[in-house]
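Novice: Got a structure for you, written out below as structure tokens; questions coming shortly.
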Amino acid sequence: MERNSRNIYLKSAEFVEAVEGYQQAMVKRNIGRQVELLDTKAGLNRVTAAPVFARDSSPNYSAAAMDGIAAVSERTRGASETRPVILEKNRDFVYINTGGRVKDPYDTVIMIEDLVEVSSNEVEVRSSAPARQHIREIGEDVVKGELILPSNHVLRPMDIGALLAGKVETIEVYKKPRVGILPTGSEIIDVGDSQEPGKIIDSNSYLFEGMIEEAGGTSKRYPVTEDDYDLLKERILQGVRENDVFVINAGSSAGSKDFTGDLIKELGEVLIHGVAIKPGKPIILGFIQNKPVIGIPGYPVSAFIDFKYFVQPLIEDLAGRKATTEKNLTVTLSRRIVSSLKHEEFVRIKAGKVEDSYVATPLSRGAGVSTSLVKADGILRIPKGLEGYEKGTAVSIQLMKELKEIENTLVSVGSHDVVMDLLSDRLQWNRRDAGLSSAHVGSFGGILALKNRECHMAPMHILDEETGGYNKAMIQSHFPAGDMGIIKLVKRSQGLMVPKGNPKGITGISDLAGEGVEFVNRQRGSGTRILLDYHLKRLGISSGDIAGYDRALTTHTAVAAAVANNTADVGLGVYSAAKALDVDFIPIEWEDYDLVLSKKYLEDPRILEIIDLIQQEGFKKKIENLGGYQTDEIGDVYILEKTEEETTWQKWYPST
Ligand SMILES: Nc1nc2c(c(=O)[nH]1)N[C@H]1C(S)=C(S)[C@@H](COP(=O)(O)OP(=O)(O)OC[C@H]3O[C@@H](n4cnc5c(N)ncnc54)[C@H](O)[C@@H]3O)O[C@H]1N2
Ligand code: MOO
């Protein structure tokens, strides 16, 4: 069935209104926590629905607290170093171990090291033992009838231990809400299915499963269901029957096959369709058969935001969990962020601590970019009605990682290369307490970030047109002498990437201006673009003569992908990217890709570790095996020194 009219839902509710309105509707419908009796041993992370009282005392007998003897205290009276007292077995004492029961007539315990065993039947004591010494009395830990835990308490391992000690075998806890997930969409396939163009792998339902577990629910995934109204209806009814909460993914918007809203309406009630947030706008909050049914948009980031702010709190509430308290951090924005006046925006943020301040950079805003969630350290919420924030503004973000992790992370901003990815992996492998975060903004972006103290280091490859050298000239012209250092990384092969078989017969830069050749460029400020412009100038070719010069992508791999997908005939980039995407490569030049940093960071233990790490044979081999790299100078460090007469680059060595 095709829909007759498109879903023009876009009368957005306010965020807070929507959250509170839905909560109130749940209360009105008497939808709330349910209770079950559970084996205490299986109670970890569950929440008590009633106070728990001890069924028995612990210990429930007088227990020896030490290894030694249980004795009659009376018989030890007056014992001293000079007048030891001899005790007779089975009359004055019996041997006992820790935890053993102390029975009448024995009323004290003496440690084995305080005795002299005179014979197999006799021991000598040299001090008197007071009554009840080293005895754990009945109820020392738990007294029968005493409150062990109040209600609404999340059970930790020690709680379970104490409950079992008090002989509490079963406990009343809130039932884990069962949450069903229905992934929908004719284009959606499972990760194991063969992926033809036009198909998208179902990732959201697995994201939801994890988030349901985190919030204290149990999840059940239903098979991916195509955009067929009647089939969807059947699955939704089944899902509502089998669960306490039901989530339908995708089909929430205005497309001709977006049925979610209509279906919830037909089978129950739609309370809200559309909230003034971005991403996540087309969320649907409804009920079917008195159970919450929620339609979540298909884009992964929209799905995450809606699930985090609408569905997780609902699950936490039904599971009896306290709402997760958000940890916030005040950060300074390294760039301007523009925001929509009509929506509250949720912007993913990468944060790092450079010198004494936390700097924050917005990540991709695309609702389909799920990797922005992986990279994010936090979320900045920009209220509706604000146009955004200027660069340098201090804002508060909701943390998605531990603060310590952010504090220990080295921040790298600049040009991207797979070498930095390998480095990041190795650093994290070596020391769990330090990581490397990389933002890819091109070589000049790196210089700017170094100047603004927004990063610890900047990887770059900037050609100096006069000398033909790399990076050093650029540093000399941008930074005061004496401030900076360079860690040499690799030489890498830059060249033209062309589709397999080189159908346009391209041989060099001069062919870019050829008839019918569509080029794809890199962004302004990237080292690759500088290299291209240098060669164009040398050959006397105007950029205006190159079709596609203005189409700028931000990574080597994006360029290689454009060539591989035939949306361009040629692009300039590194060999490793060409190899990864299986396109042909015409080498143009070896360039230096180095790490530039402030001299003061050279003695930072994390940097010293990087210097050590990159010089290891295993690391070098790994890079060389990628092809298109030379590692002759890797790990050499130079600093820019200033004397009265001149400024020179000197080799630098660690002080120890
Ligand atoms: N004319 C309009 N079009 C759209 C509007 C609008 O207001 N007017 N809103 C846009 C917004 S905002 C969003 S968000 C999306 C929501 O889309 P739907 O919920 O209808 O979802 P689909 O269109 O089916 O899919 C969107 C996107 O997500 C991918 N997807 C779907 N399921 C999964 C899954 N299980 N795992 C991973 N990815 C999934 C799907 O393939 C699509 O690429 O609508 C805009 N349109
Ligand atoms: O609201 Mo949509 O979720 O912006 O992408």
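Residue numbers start at 1 in each chain; chains themselves are named A, B, ... in the order of the structure tokens; ligands are numbered from 1 in the order shown.
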Return as a ChimeraX atom specification every polymer residue, whether protein, DNA or RNA, with at least one atom no more than 12 Å from an atom of ligand 2; count only C-alpha atoms and all ligand atoms.

Specialist: /A:10,12,250-254,273-284,295-307,340,342-347,365-370

Novice: Per DSSP on the backbone, what are the strand (DSSP E) residues of region 498-633 of chain A, as a PyMOL selection string?

Specialist: chain A and resi 498+519-522+552-553+570-574+584-598+629-630

Novice: When DSSP is applied to the backbone of this structure, which of region 482-565 of chain A are assigned helix (DSSP H, G or I)? Write them out as a PyMOL selection string.

Specialist: chain A and resi 509-513+527-539+543-545+556-564

Novice: Identify which of the residues A:Val102, A:Val47, A:Ile160, A:Leu553 lies closest to Val35 (chain A), counting only C-alpha atoms when measuring atom-to-atom distances.

Specialist: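 The closest residue to Val35 (chain A) is A:Val47.
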
Novice: Using only C-alpha atoms and all ligand atoms, which of the listed residues (A:Leu410, A:Leu539, A:Leu207, A:Val123) sits closest to ligand 1?

Specialist: A:Leu207

Novice: Please list as a VMD selection string every residue within 12 Å of Leu572 (chain A), counting only C-alpha atoms and excluding residues in the same chain fewer than 5 positions away.

Specialist: chain A and resid 493 to 498 508 to 509 512 519 to 523 526 to 533 535 549 552 to 563 577 to 578 583 to 589

Novice: I'd like the contact shell of Asp92 (chain A) - 9 Å cut-off, only C-alpha atoms, skipping same-chain residues fewer than 5 positions apart - returned as JSON, numbers by chain.

Specialist: {"A": [70, 71, 72, 73, 75, 76, 87, 105, 106]}

Novice: Would you put the residues from that selection into a file with C-alpha atoms, as a short mmCIF file (atom, residue, chain, number, x, y, z; two decimals), in the first residue's frame?

Specialist:
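Output file selection.cif is given in full below:
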```
data_model
loop_
_atom_site.label_atom_id
_atom_site.label_comp_id
_atom_site.auth_asym_id
_atom_site.auth_seq_id
_atom_site.Cartn_x
_atom_site.Cartn_y
_atom_site.Cartn_z
CA ALA A 70 38.03 -22.36 73.08
CA ALA A 71 38.60 -22.23 76.83
CA VAL A 72 36.87 -21.60 80.13
CA SER A 73 38.01 -18.09 80.97
CA ARG A 75 40.49 -21.29 84.53
CA THR A 76 42.98 -18.80 83.07
CA LEU A 87 44.89 -26.16 80.94
CA PRO A 105 31.15 -24.32 79.05
CA TYR A 106 33.77 -22.58 76.91
#
```

Novice: Just want the 9 Å neighbourhood of His153 (chain A), counted on only C-alpha atoms, with same-chain residues fewer than 6 positions away dropped. Output as a list in words.

Specialist: Arg46, Val47, Thr48, Ala49, Pro51, Gly320 and Arg321 of chain A

Novice: Measure the distance from CA of Lys599 (chain A) to CA of Trp649 (chain A) in Å and round it to one decimal.

Specialist: 12.3 Å

Novice: A:Tyr206, A:Ile96, A:Lys103, A:Leu149: which is nearest ligand 1, counting only C-alpha atoms and all ligand atoms?

Specialist: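 Looking at the shortest contact to ligand 1, the residue is A:Tyr206.
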
Novice: So how many Å separate CA of Phe619 (chain A) and CA of Gly469 (chain A), to one decimal?

Specialist: 25.6 Å

Novice: Which residues are close to Val19 (chain A), i.e. within 10 Å by only C-alpha atoms, leaving aside same-chain residues fewer than 2 positions away? Reply as a PDB file with C-alpha atoms, in the first residue's frame.

Specialist:
```pdb
ATOM      1  CA  ALA A  13       6.649  20.136  20.215  1.00  0.00           C
ATOM      2  CA  GLU A  14       9.196  21.646  22.567  1.00  0.00           C
ATOM      3  CA  PHE A  15      11.720  19.167  23.951  1.00  0.00           C
ATOM      4  CA  VAL A  16      10.831  19.554  27.636  1.00  0.00           C
ATOM      5  CA  GLU A  17       7.121  19.657  26.855  1.00  0.00           C
ATOM      6  CA  GLY A  21       3.902  15.310  28.390  1.00  0.00           C
ATOM      7  CA  TYR A  22       4.780  11.710  27.642  1.00  0.00           C
ATOM      8  CA  GLN A  23       5.660  11.028  31.277  1.00  0.00           C
ATOM      9  CA  GLN A  24       2.347  12.458  32.439  1.00  0.00           C
ATOM     10  CA  ILE A 272       3.483  13.678  19.763  1.00  0.00           C
ATOM     11  CA  VAL A 275       9.996  17.572  18.557  1.00  0.00           C
ATOM     12  CA  LEU A 285       5.573   9.210  21.004  1.00  0.00           C
ATOM     13  CA  TYR A 309      16.854  11.462  25.725  1.00  0.00           C
ATOM     14  CA  PHE A 310      13.448   9.794  25.366  1.00  0.00           C
ATOM     15  CA  VAL A 311      13.684   6.007  25.532  1.00  0.00           C
ATOM     16  CA  PRO A 313      14.960   7.581  30.751  1.00  0.00           C
ATOM     17  CA  LEU A 314      11.653   5.768  30.244  1.00  0.00           C
TER      18      LEU A 314
END
```

Novice: Could you give me, as a PyMOL selection string, the residues within 9 Å of Ile69 (chain A), counting only C-alpha atoms and dropping anything in the same chain fewer than 3 positions from it?

Specialist: chain A and resi 64+66+93-97+108-112+115

Novice: Given only C-alpha atoms and all ligand atoms as the basis, pick out the residue of A:Gly78, A:Ile201, A:Ala42, A:Glu122 nearest to ligand 1.

Specialist: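 Once distances to ligand 1 are computed over only C-alpha atoms and all ligand atoms, the minimum belongs to A:Ile201.
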
Novice: Which residue, A:Ile349, A:Gln476, A:Asn328, A:Ala165, has the smallest gap to Ser396 (chain A) when you use only C-alpha atoms?

Specialist: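 Among the listed residues, A:Asn328 lies closest to Ser396 (chain A).
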
Novice: Give me, please, the distance in Å between CA of Val441 (chain A) and CA of Tyr389 (chain A), quoted to one decimal.

Specialist: 20.1 Å
